[in-house]
file protein_18.cif (mmCIF, C-alpha atoms and all ligand atoms)
data_run
#
loop_
_atom_site.label_atom_id
_atom_site.label_comp_id
_atom_site.auth_asym_id
_atom_site.auth_seq_id
_atom_site.Cartn_x
_atom_site.Cartn_y
_atom_site.Cartn_z
CA MET B 992 -7.39 -12.55 -4.31
CA THR B 993 -10.21 -10.06 -4.41
CA ALA B 994 -12.15 -8.89 -1.36
CA GLY B 995 -15.92 -8.53 -1.03
CA ALA B 996 -16.36 -7.25 2.50
CA ASP B 997 -20.16 -7.53 2.39
CA ARG B 998 -20.03 -11.36 2.36
CA ARG B 999 -17.76 -11.76 5.36
CA VAL B 1000 -19.12 -13.28 8.55
CA ALA B 1001 -17.70 -12.57 12.01
CA PRO B 1002 -16.68 -15.61 14.07
CA PRO B 1003 -19.12 -16.70 16.80
CA GLU B 1004 -17.99 -16.65 20.42
CA GLN B 1005 -17.34 -20.42 20.51
CA ALA B 1006 -14.86 -20.00 17.64
CA ARG B 1007 -12.73 -17.71 19.78
CA VAL B 1008 -12.39 -20.48 22.36
CA LEU B 1009 -11.91 -23.26 19.81
CA PHE B 1010 -9.29 -21.56 17.65
CA ALA B 1011 -7.60 -19.46 20.39
CA ASP B 1012 -4.29 -18.11 19.03
CA ALA B 1013 -5.03 -19.43 15.55
CA LEU B 1014 -8.22 -17.34 15.26
CA PRO B 1015 -6.80 -14.35 13.30
CA ARG B 1016 -5.56 -16.62 10.50
CA VAL B 1017 -8.76 -18.68 10.54
CA VAL B 1018 -10.71 -15.41 10.14
CA ARG B 1019 -8.49 -14.61 7.14
CA TYR B 1020 -9.23 -18.04 5.69
CA ALA B 1021 -12.97 -17.57 6.29
CA ASP B 1022 -12.74 -14.27 4.39
CA LEU B 1023 -10.96 -15.98 1.50
CA LEU B 1024 -13.69 -18.61 1.33
CA ALA B 1025 -16.46 -16.01 1.51
CA ASP B 1026 -14.83 -13.84 -1.17
CA ALA B 1027 -12.73 -15.68 -3.74
CA GLY B 1028 -14.14 -19.07 -2.74
CA VAL B 1029 -17.66 -18.00 -3.66
CA GLU B 1030 -16.64 -15.95 -6.71
CA ARG B 1031 -14.78 -18.91 -8.18
CA GLY B 1032 -17.57 -21.35 -7.40
CA LEU B 1033 -15.62 -23.36 -4.82
CA ILE B 1034 -18.31 -22.99 -2.19
CA GLY B 1035 -21.94 -22.03 -2.61
CA PRO B 1036 -23.05 -18.54 -1.50
CA ARG B 1037 -25.63 -20.14 0.77
CA GLU B 1038 -22.82 -21.72 2.78
CA VAL B 1039 -21.36 -18.36 3.79
CA PRO B 1040 -23.74 -17.58 6.69
CA ARG B 1041 -22.99 -21.02 8.15
CA LEU B 1042 -19.30 -21.01 7.28
CA TRP B 1043 -18.16 -21.02 10.91
CA GLU B 1044 -20.46 -23.56 12.54
CA ARG B 1045 -21.02 -25.98 9.70
CA HIS B 1046 -17.61 -25.88 8.05
CA LEU B 1047 -14.68 -24.36 9.96
CA MET B 1048 -15.61 -25.41 13.50
CA ASN B 1049 -17.08 -28.73 12.41
CA CYS B 1050 -13.73 -29.57 10.80
CA ALA B 1051 -11.57 -28.10 13.57
CA VAL B 1052 -12.72 -30.48 16.29
CA VAL B 1053 -11.31 -33.44 14.33
CA GLU B 1054 -7.86 -32.31 15.51
CA GLU B 1055 -8.64 -34.14 18.79
CA LEU B 1056 -8.08 -37.40 16.91
CA ILE B 1057 -4.72 -36.48 15.37
CA PRO B 1058 -1.57 -37.50 17.28
CA GLU B 1059 1.21 -34.96 17.68
CA GLY B 1060 3.63 -34.68 14.78
CA SER B 1061 1.45 -36.65 12.35
CA ASP B 1062 1.78 -36.65 8.58
CA VAL B 1063 -1.75 -35.95 7.38
CA VAL B 1064 -3.16 -36.35 3.87
CA ASP B 1065 -6.49 -34.64 3.21
CA ILE B 1066 -8.11 -36.42 0.26
CA GLY B 1067 -10.36 -34.26 -1.91
CA SER B 1068 -9.61 -31.01 -0.10
CA GLY B 1069 -11.79 -28.90 -2.37
CA ALA B 1070 -11.53 -25.40 -0.94
CA GLY B 1071 -9.42 -26.72 1.96
CA LEU B 1072 -11.80 -28.53 4.30
CA PRO B 1073 -10.75 -29.97 6.62
CA GLY B 1074 -7.05 -29.79 5.66
CA VAL B 1075 -6.45 -26.02 5.82
CA VAL B 1076 -8.28 -25.71 9.15
CA LEU B 1077 -6.24 -28.55 10.65
CA GLY B 1078 -3.00 -27.04 9.35
CA LEU B 1079 -3.90 -23.67 10.89
CA LEU B 1080 -4.82 -25.18 14.23
CA ARG B 1081 -1.94 -27.65 14.49
CA PRO B 1082 1.51 -26.32 13.52
CA ASP B 1083 2.99 -29.62 14.79
CA ILE B 1084 1.46 -31.67 11.95
CA ARG B 1085 2.33 -31.74 8.23
CA VAL B 1086 -0.68 -31.64 5.94
CA THR B 1087 -0.85 -32.55 2.26
CA LEU B 1088 -3.94 -31.22 0.51
CA LEU B 1089 -4.69 -33.71 -2.26
CA GLU B 1090 -7.04 -32.42 -4.92
CA PRO B 1091 -7.35 -33.31 -8.63
CA LEU B 1092 -9.01 -30.16 -10.00
CA LEU B 1093 -6.68 -27.38 -11.17
CA ARG B 1094 -9.05 -24.54 -10.26
CA ARG B 1095 -9.18 -25.81 -6.70
CA THR B 1096 -5.44 -26.42 -6.35
CA VAL B 1097 -4.81 -22.83 -7.56
CA PHE B 1098 -7.09 -21.54 -4.79
CA LEU B 1099 -5.47 -23.85 -2.22
CA ARG B 1100 -1.96 -22.69 -3.15
CA GLU B 1101 -3.06 -19.08 -2.81
CA CYS B 1102 -4.49 -19.86 0.64
CA VAL B 1103 -1.27 -21.58 1.72
CA ASP B 1104 0.78 -18.56 0.57
CA LEU B 1105 -1.50 -15.87 2.00
CA LEU B 1106 -1.94 -17.65 5.33
CA GLU B 1107 1.79 -18.49 5.45
CA LEU B 1108 1.02 -22.12 6.13
CA GLU B 1109 4.52 -23.59 6.24
CA ASN B 1110 3.24 -27.00 7.38
CA VAL B 1111 0.81 -27.41 4.46
CA THR B 1112 1.52 -28.45 0.87
CA VAL B 1113 -0.80 -28.83 -2.09
CA LEU B 1114 -0.62 -31.84 -4.39
CA ARG B 1115 -2.66 -32.00 -7.53
CA GLY B 1116 -3.72 -35.58 -8.12
CA ARG B 1117 -6.26 -38.32 -7.57
CA ALA B 1118 -6.09 -40.41 -4.42
CA GLU B 1119 -5.93 -43.67 -6.37
CA GLU B 1120 -2.80 -42.46 -8.19
CA VAL B 1121 -0.58 -41.47 -5.25
CA LYS B 1122 -0.13 -44.79 -3.44
CA ARG B 1123 3.57 -44.88 -4.21
CA GLU B 1124 4.43 -41.27 -3.35
CA LEU B 1125 2.48 -40.52 -0.16
CA ARG B 1126 2.66 -42.08 3.31
CA ALA B 1127 0.55 -40.85 6.19
CA ASP B 1128 -0.28 -41.37 9.85
CA ILE B 1129 -3.70 -39.85 9.30
CA VAL B 1130 -5.86 -39.52 6.18
CA THR B 1131 -8.81 -37.14 6.41
CA ALA B 1132 -11.70 -36.75 3.98
CA ARG B 1133 -15.02 -34.93 4.02
CA ALA B 1134 -17.77 -35.35 1.44
CA VAL B 1135 -15.53 -37.14 -1.06
CA ALA B 1136 -16.76 -40.71 -1.65
CA PRO B 1137 -18.70 -43.59 -0.08
CA LEU B 1138 -16.71 -45.35 2.65
CA PRO B 1139 -15.58 -48.46 0.72
CA ARG B 1140 -14.20 -46.39 -2.17
CA LEU B 1141 -12.63 -43.87 0.18
CA ALA B 1142 -10.99 -46.65 2.21
CA GLY B 1143 -9.69 -48.19 -1.02
CA TRP B 1144 -7.82 -44.95 -1.66
CA ALA B 1145 -6.82 -44.14 1.94
CA LEU B 1146 -5.77 -47.43 3.53
CA PRO B 1147 -2.81 -48.04 1.19
CA LEU B 1148 -1.39 -44.65 2.20
CA LEU B 1149 -1.40 -45.37 5.93
CA ARG B 1150 1.46 -46.51 8.11
CA LYS B 1151 0.72 -49.29 10.61
CA GLY B 1152 -1.46 -47.87 13.40
CA GLY B 1153 -2.53 -44.97 11.20
CA SER B 1154 -6.17 -43.99 10.71
CA LEU B 1155 -8.55 -42.82 8.07
CA LEU B 1156 -10.81 -40.14 9.61
CA ALA B 1157 -13.84 -39.82 7.36
CA LEU B 1158 -16.18 -36.97 8.31
CA LYS B 1159 -19.64 -38.37 7.76
CA GLY B 1160 -23.28 -37.59 8.43
CA GLU B 1161 -25.80 -39.12 10.78
CA GLN B 1162 -25.91 -42.37 8.80
CA ALA B 1163 -22.31 -43.17 9.67
CA GLU B 1164 -23.09 -46.30 11.73
CA THR B 1165 -25.16 -47.76 8.92
CA GLU B 1166 -22.54 -46.91 6.30
CA LEU B 1167 -19.84 -48.53 8.41
CA ALA B 1168 -21.90 -51.67 9.08
CA GLU B 1169 -22.56 -52.08 5.34
CA SER B 1170 -18.86 -51.53 4.54
CA GLN B 1171 -17.18 -53.81 7.10
CA ASP B 1172 -16.53 -56.68 4.68
CA ASP B 1173 -15.09 -54.32 2.05
CA LEU B 1174 -12.79 -52.72 4.60
CA SER B 1175 -11.48 -56.02 5.93
CA ALA B 1176 -10.77 -57.20 2.38
CA LEU B 1177 -8.63 -54.13 1.73
CA ARG B 1178 -6.28 -54.42 4.71
CA PRO B 1179 -6.49 -55.66 8.32
CA CYS B 1180 -8.15 -52.86 10.25
CA VAL B 1181 -10.52 -51.90 13.05
CA ALA B 1182 -13.23 -49.31 12.62
CA ASP B 1183 -15.55 -47.29 14.82
CA VAL B 1184 -17.77 -44.22 14.75
CA ILE B 1185 -16.87 -41.33 17.03
CA ARG B 1186 -18.58 -38.03 17.73
CA VAL B 1187 -16.03 -35.32 18.42
CA GLY B 1188 -16.40 -31.78 19.68
CA ARG B 1189 -19.31 -32.28 22.07
CA GLY B 1190 -19.82 -28.99 23.88
CA LYS B 1191 -17.77 -27.16 21.25
CA VAL B 1192 -19.86 -27.61 18.12
CA GLU B 1193 -23.52 -28.38 17.72
CA PRO B 1194 -24.11 -31.00 16.48
CA ALA B 1195 -20.88 -32.85 17.29
CA THR B 1196 -18.86 -33.95 14.25
CA THR B 1197 -19.37 -37.58 13.24
CA VAL B 1198 -16.19 -39.38 12.20
CA VAL B 1199 -15.75 -42.90 10.90
CA ARG B 1200 -12.28 -43.94 12.05
CA VAL B 1201 -10.60 -46.86 10.30
CA THR B 1202 -7.26 -47.84 11.85
CA VAL B 1203 -4.92 -50.19 10.01
CA THR B 1204 -3.35 -52.91 12.12
CA SER B 1205 -0.91 -54.45 9.66
CA GLU B 1206 2.62 -53.36 8.84
CA SER B 1207 2.63 -53.87 5.10
CA ASP B 1208 0.24 -52.37 2.65
CA HIS B 1209 -0.89 -55.59 1.01
CA ALA B 1210 -3.40 -53.66 -1.07
CA THR B 1211 -0.52 -52.55 -3.29
CA GLN B 1212 1.37 -55.86 -3.27
CA PRO B 1213 0.95 -58.59 -5.90
CA ARG B 1214 -1.64 -61.02 -4.59
CA THR B 1215 -0.37 -64.37 -3.31
CA ARG B 1216 -2.36 -67.54 -3.04
CA ARG B 1217 -1.62 -70.80 -1.28
CA ALA B 1218 -0.91 -73.61 -3.75
CA PRO B 1219 -2.12 -77.12 -2.93
CA GLY B 1220 0.61 -78.69 -0.83
CA GLY B 1221 1.40 -75.57 1.14
CA ARG B 1222 3.86 -73.38 -0.82
CA LYS B 1223 2.87 -69.82 -1.60
CA LYS B 1224 2.46 -69.13 -5.26
CA ARG B 1225 2.64 -65.74 -6.98
CA GLY B 1226 -0.68 -64.54 -8.32
CA ARG B 1227 -0.85 -63.91 -12.03
CA LYS B 1228 -0.14 -60.30 -12.98
CA ARG B 1229 -2.99 -58.61 -14.74
C1 LIG B 1301 -17.80 -32.39 -2.48
S1 LIG B 1301 -16.13 -31.91 -2.60
C2 LIG B 1301 -15.67 -31.79 -0.89
C3 LIG B 1301 -14.53 -30.84 -0.70
C4 LIG B 1301 -14.10 -30.66 0.77
N1 LIG B 1301 -13.54 -31.87 1.31
C5 LIG B 1301 -15.25 -30.16 1.62
O1 LIG B 1301 -15.69 -30.89 2.51
O2 LIG B 1301 -15.71 -29.06 1.38
C6 LIG B 1301 -15.28 -33.41 -3.14
C7 LIG B 1301 -13.86 -33.15 -3.55
O3 LIG B 1301 -13.23 -34.40 -3.80
C8 LIG B 1301 -12.42 -34.27 -4.94
N2 LIG B 1301 -12.20 -35.61 -5.52
C9 LIG B 1301 -13.05 -36.33 -6.27
N3 LIG B 1301 -12.49 -37.50 -6.64
C10 LIG B 1301 -11.25 -37.53 -6.08
C11 LIG B 1301 -10.17 -38.46 -6.11
N4 LIG B 1301 -10.27 -39.60 -6.79
N5 LIG B 1301 -9.04 -38.16 -5.42
C12 LIG B 1301 -8.95 -36.99 -4.72
N6 LIG B 1301 -9.94 -36.08 -4.68
C13 LIG B 1301 -11.07 -36.34 -5.36
C14 LIG B 1301 -13.21 -33.33 -5.83
O4 LIG B 1301 -12.40 -32.70 -6.83
C15 LIG B 1301 -13.76 -32.34 -4.83
O5 LIG B 1301 -12.89 -31.24 -4.63
#
call {"tool": "encode", "arguments": {"input": "protein_18.cif", "output": "structure tokens"}}
result
Amino acid sequence: MTAGADRRVAPPEQARVLFADALPRVVRYADLLADAGVERGLIGPREVPRLWERHLMNCAVVEELIPEGSDVVDIGSGAGLPGVVLGLLRPDIRVTLLEPLLRRTVFLRECVDLLELENVTVLRGRAEEVKRELRADIVTARAVAPLPRLAGWALPLLRKGGSLLALKGEQAETELAESQDDLSALRPCVADVIRVGRGKVEPATTVVRVTVTSESDHATQPRTRRAPGGRKKRGRKR
């Protein structure tokens, strides 16, 4: 990747505390975003001055919600947010960066190689097409799709007790309230809105967390319906 030193932005003091030992590699990632990321149109040049606060640190605090040793799928990684940051911060988790666009997966693979991210893999594909090949304890997504569509992609990937962590804006409560029926229809689940990183990032990061409570992923199973008289009857295949 090429370097354009003039665009690089030094980490703020809070980043040193937040990233601790991971900081040198996060700085390298920030440089990749500011250089090749901008040159290839993966992030806008206006994002560079606020790369640390609005992007890297905002994503990093989500790690508080990820149990140790989790398999994480980051849907619609784009230039690697939040998946690359989480992989850098948490060597104990395994992260799959799921992204359909070739240009972006090329950049992501280069990041994984250059940052020597042994716990991160890149998968080119669409979330709705990987239900049979991916299983996760945590699915993350930022700026990818409205909650009902995102949950339709994420919930089938989750093991029982696993959570979708959707990084959302200030309207998260409203979006969740309007989506509750859609979520329940997908798979038994509980959902809440959490603000993470208070005192570390300003503003705190808003996350809609949807945790699945059922063992089986009935969203991918043939539908069954109760026939008159009590026996279950197979739904017609479409
Ligand atoms: C606005 S970008 C956000 C990228 C990154 N998450 C971030 O916050 O900077 C949305 C990303 O979602 C990806 N995307 C769109 N539809 C998708 C799908 N069906 N499955 C997986 N990713 C998808 C796009 O290619 C794009 O990279």
call {"tool": "residues_around", "arguments": {"input": "protein_18.cif", "residues": "range 1096-1112 of chain B", "least_positions_apart": "5", "cutoff": "9 Å", "atoms": "only C-alpha atoms", "output": "PyMOL selection string"}}
result
chain B and resi 992+1016-1017+1019-1020+1023+1027-1028+1031+1033+1068-1071+1074-1075+1078-1079+1081-1091
call {"tool": "residues_around", "arguments": {"input": "protein_18.cif", "residues": "Gly1035 in chain B", "least_positions_apart": "4", "cutoff": "12 Å", "atoms": "all atoms listed in the file", "output": "PyMOL selection string"}}
result
chain B and resi 998+1024-1031+1039-1042+1070
call {"tool": "axis_aligned_box", "arguments": {"input": "protein_18.cif", "around": "range 1139-1155 of chain B", "padding_each_side": "5 Å", "output": "lines of an AutoDock Vina configuration file"}}
result
center_x = -7.1
center_y = -46.1
center_z = 5.6
size_x = 27.0
size_y = 16.5
size_z = 25.6
call {"tool": "residues_around", "arguments": {"input": "protein_18.cif", "residues": "range 1172-1179 of chain B", "least_positions_apart": "4", "cutoff": "12 Å", "atoms": "all atoms listed in the file", "output": "PyMOL selection string"}}
result
chain B and resi 1137-1155+1166-1168+1183+1200-1212+1214
call {"tool": "write_last_selection", "arguments": {"input": "protein_18.cif", "atoms": "C-alpha atoms", "output": "CSV table (one decimal), in the frame of the given file"}}
result
chain,number,residue,atom,x,y,z
B,1137,PRO,CA,-18.7,-43.6,-0.1
B,1138,LEU,CA,-16.7,-45.4,2.6
B,1139,PRO,CA,-15.6,-48.5,0.7
B,1140,ARG,CA,-14.2,-46.4,-2.2
B,1141,LEU,CA,-12.6,-43.9,0.2
B,1142,ALA,CA,-11.0,-46.6,2.2
B,1143,GLY,CA,-9.7,-48.2,-1.0
B,1144,TRP,CA,-7.8,-45.0,-1.7
B,1145,ALA,CA,-6.8,-44.1,1.9
B,1146,LEU,CA,-5.8,-47.4,3.5
B,1147,PRO,CA,-2.8,-48.0,1.2
B,1148,LEU,CA,-1.4,-44.6,2.2
B,1149,LEU,CA,-1.4,-45.4,5.9
B,1150,ARG,CA,1.5,-46.5,8.1
B,1151,LYS,CA,0.7,-49.3,10.6
B,1152,GLY,CA,-1.5,-47.9,13.4
B,1153,GLY,CA,-2.5,-45.0,11.2
B,1154,SER,CA,-6.2,-44.0,10.7
B,1155,LEU,CA,-8.6,-42.8,8.1
B,1166,GLU,CA,-22.5,-46.9,6.3
B,1167,LEU,CA,-19.8,-48.5,8.4
B,1168,ALA,CA,-21.9,-51.7,9.1
B,1183,ASP,CA,-15.6,-47.3,14.8
B,1200,ARG,CA,-12.3,-43.9,12.0
B,1201,VAL,CA,-10.6,-46.9,10.3
B,1202,THR,CA,-7.3,-47.8,11.8
B,1203,VAL,CA,-4.9,-50.2,10.0
B,1204,THR,CA,-3.4,-52.9,12.1
B,1205,SER,CA,-0.9,-54.4,9.7
B,1206,GLU,CA,2.6,-53.4,8.8
B,1207,SER,CA,2.6,-53.9,5.1
B,1208,ASP,CA,0.2,-52.4,2.6
B,1209,HIS,CA,-0.9,-55.6,1.0
B,1210,ALA,CA,-3.4,-53.7,-1.1
B,1211,THR,CA,-0.5,-52.6,-3.3
B,1212,GLN,CA,1.4,-55.9,-3.3
B,1214,ARG,CA,-1.6,-61.0,-4.6
call {"tool": "closest_residue", "arguments": {"input": "protein_18.cif", "among": "B:Val1000, B:Val1199, B:Ala1127, B:Ala1163", "to": "Ile1066 in chain B", "atoms": "all atoms listed in the file"}}
result
B:Ala1127
call {"tool": "atom_distance", "arguments": {"input": "protein_18.cif", "atom1": "atom C5 of ligand LIG 1301 (chain B)", "atom2": "CA of Ala1051 in chain B"}}
result
12.7 Å
call {"tool": "closest_residue", "arguments": {"input": "protein_18.cif", "among": "B:Arg1037, B:Arg1117, B:Arg1094, B:Lys1191", "to": "ligand LIG 1301 (chain B)", "atoms": "all atoms listed in the file"}}
result
B:Arg1117
call {"tool": "residues_around", "arguments": {"input": "protein_18.cif", "residues": "Val1018 in chain B", "least_positions_apart": "3", "cutoff": "8 Å", "atoms": "only C-alpha atoms", "output": "number ranges by chain"}}
result
B: 1001-1002, 1014-1015, 1021-1022
call {"tool": "closest_residue", "arguments": {"input": "protein_18.cif", "among": "B:Leu1158, B:Glu1044, B:Thr1197, B:Leu1080", "to": "Glu1004 in chain B", "atoms": "all atoms listed in the file"}}
result
B:Glu1044
call {"tool": "atom_distance", "arguments": {"input": "protein_18.cif", "atom1": "CA of Arg1133 in chain B", "atom2": "CA of Arg1007 in chain B"}}
result
23.5 Å
call {"tool": "atom_distance", "arguments": {"input": "protein_18.cif", "atom1": "atom O5 of ligand LIG 1301 (chain B)", "atom2": "CA of Gly1067 in chain B"}}
result
4.8 Å
call {"tool": "closest_residue", "arguments": {"input": "protein_18.cif", "among": "B:Val1076, B:Ala1132, B:Val1121, B:Ala1011", "to": "ligand LIG 1301 (chain B)", "atoms": "only C-alpha atoms and all ligand atoms"}}
result
B:Ala1132
call {"tool": "closest_residue", "arguments": {"input": "protein_18.cif", "among": "B:Val1052, B:Leu1114, B:Ile1185, B:Leu1072", "to": "ligand LIG 1301 (chain B)", "atoms": "all atoms listed in the file"}}
result
B:Leu1072
call {"tool": "closest_residue", "arguments": {"input": "protein_18.cif", "among": "B:Pro1036, B:Val1063, B:Gln1005, B:Ala1157", "to": "ligand LIG 1301 (chain B)", "atoms": "all atoms listed in the file"}}
result
B:Ala1157
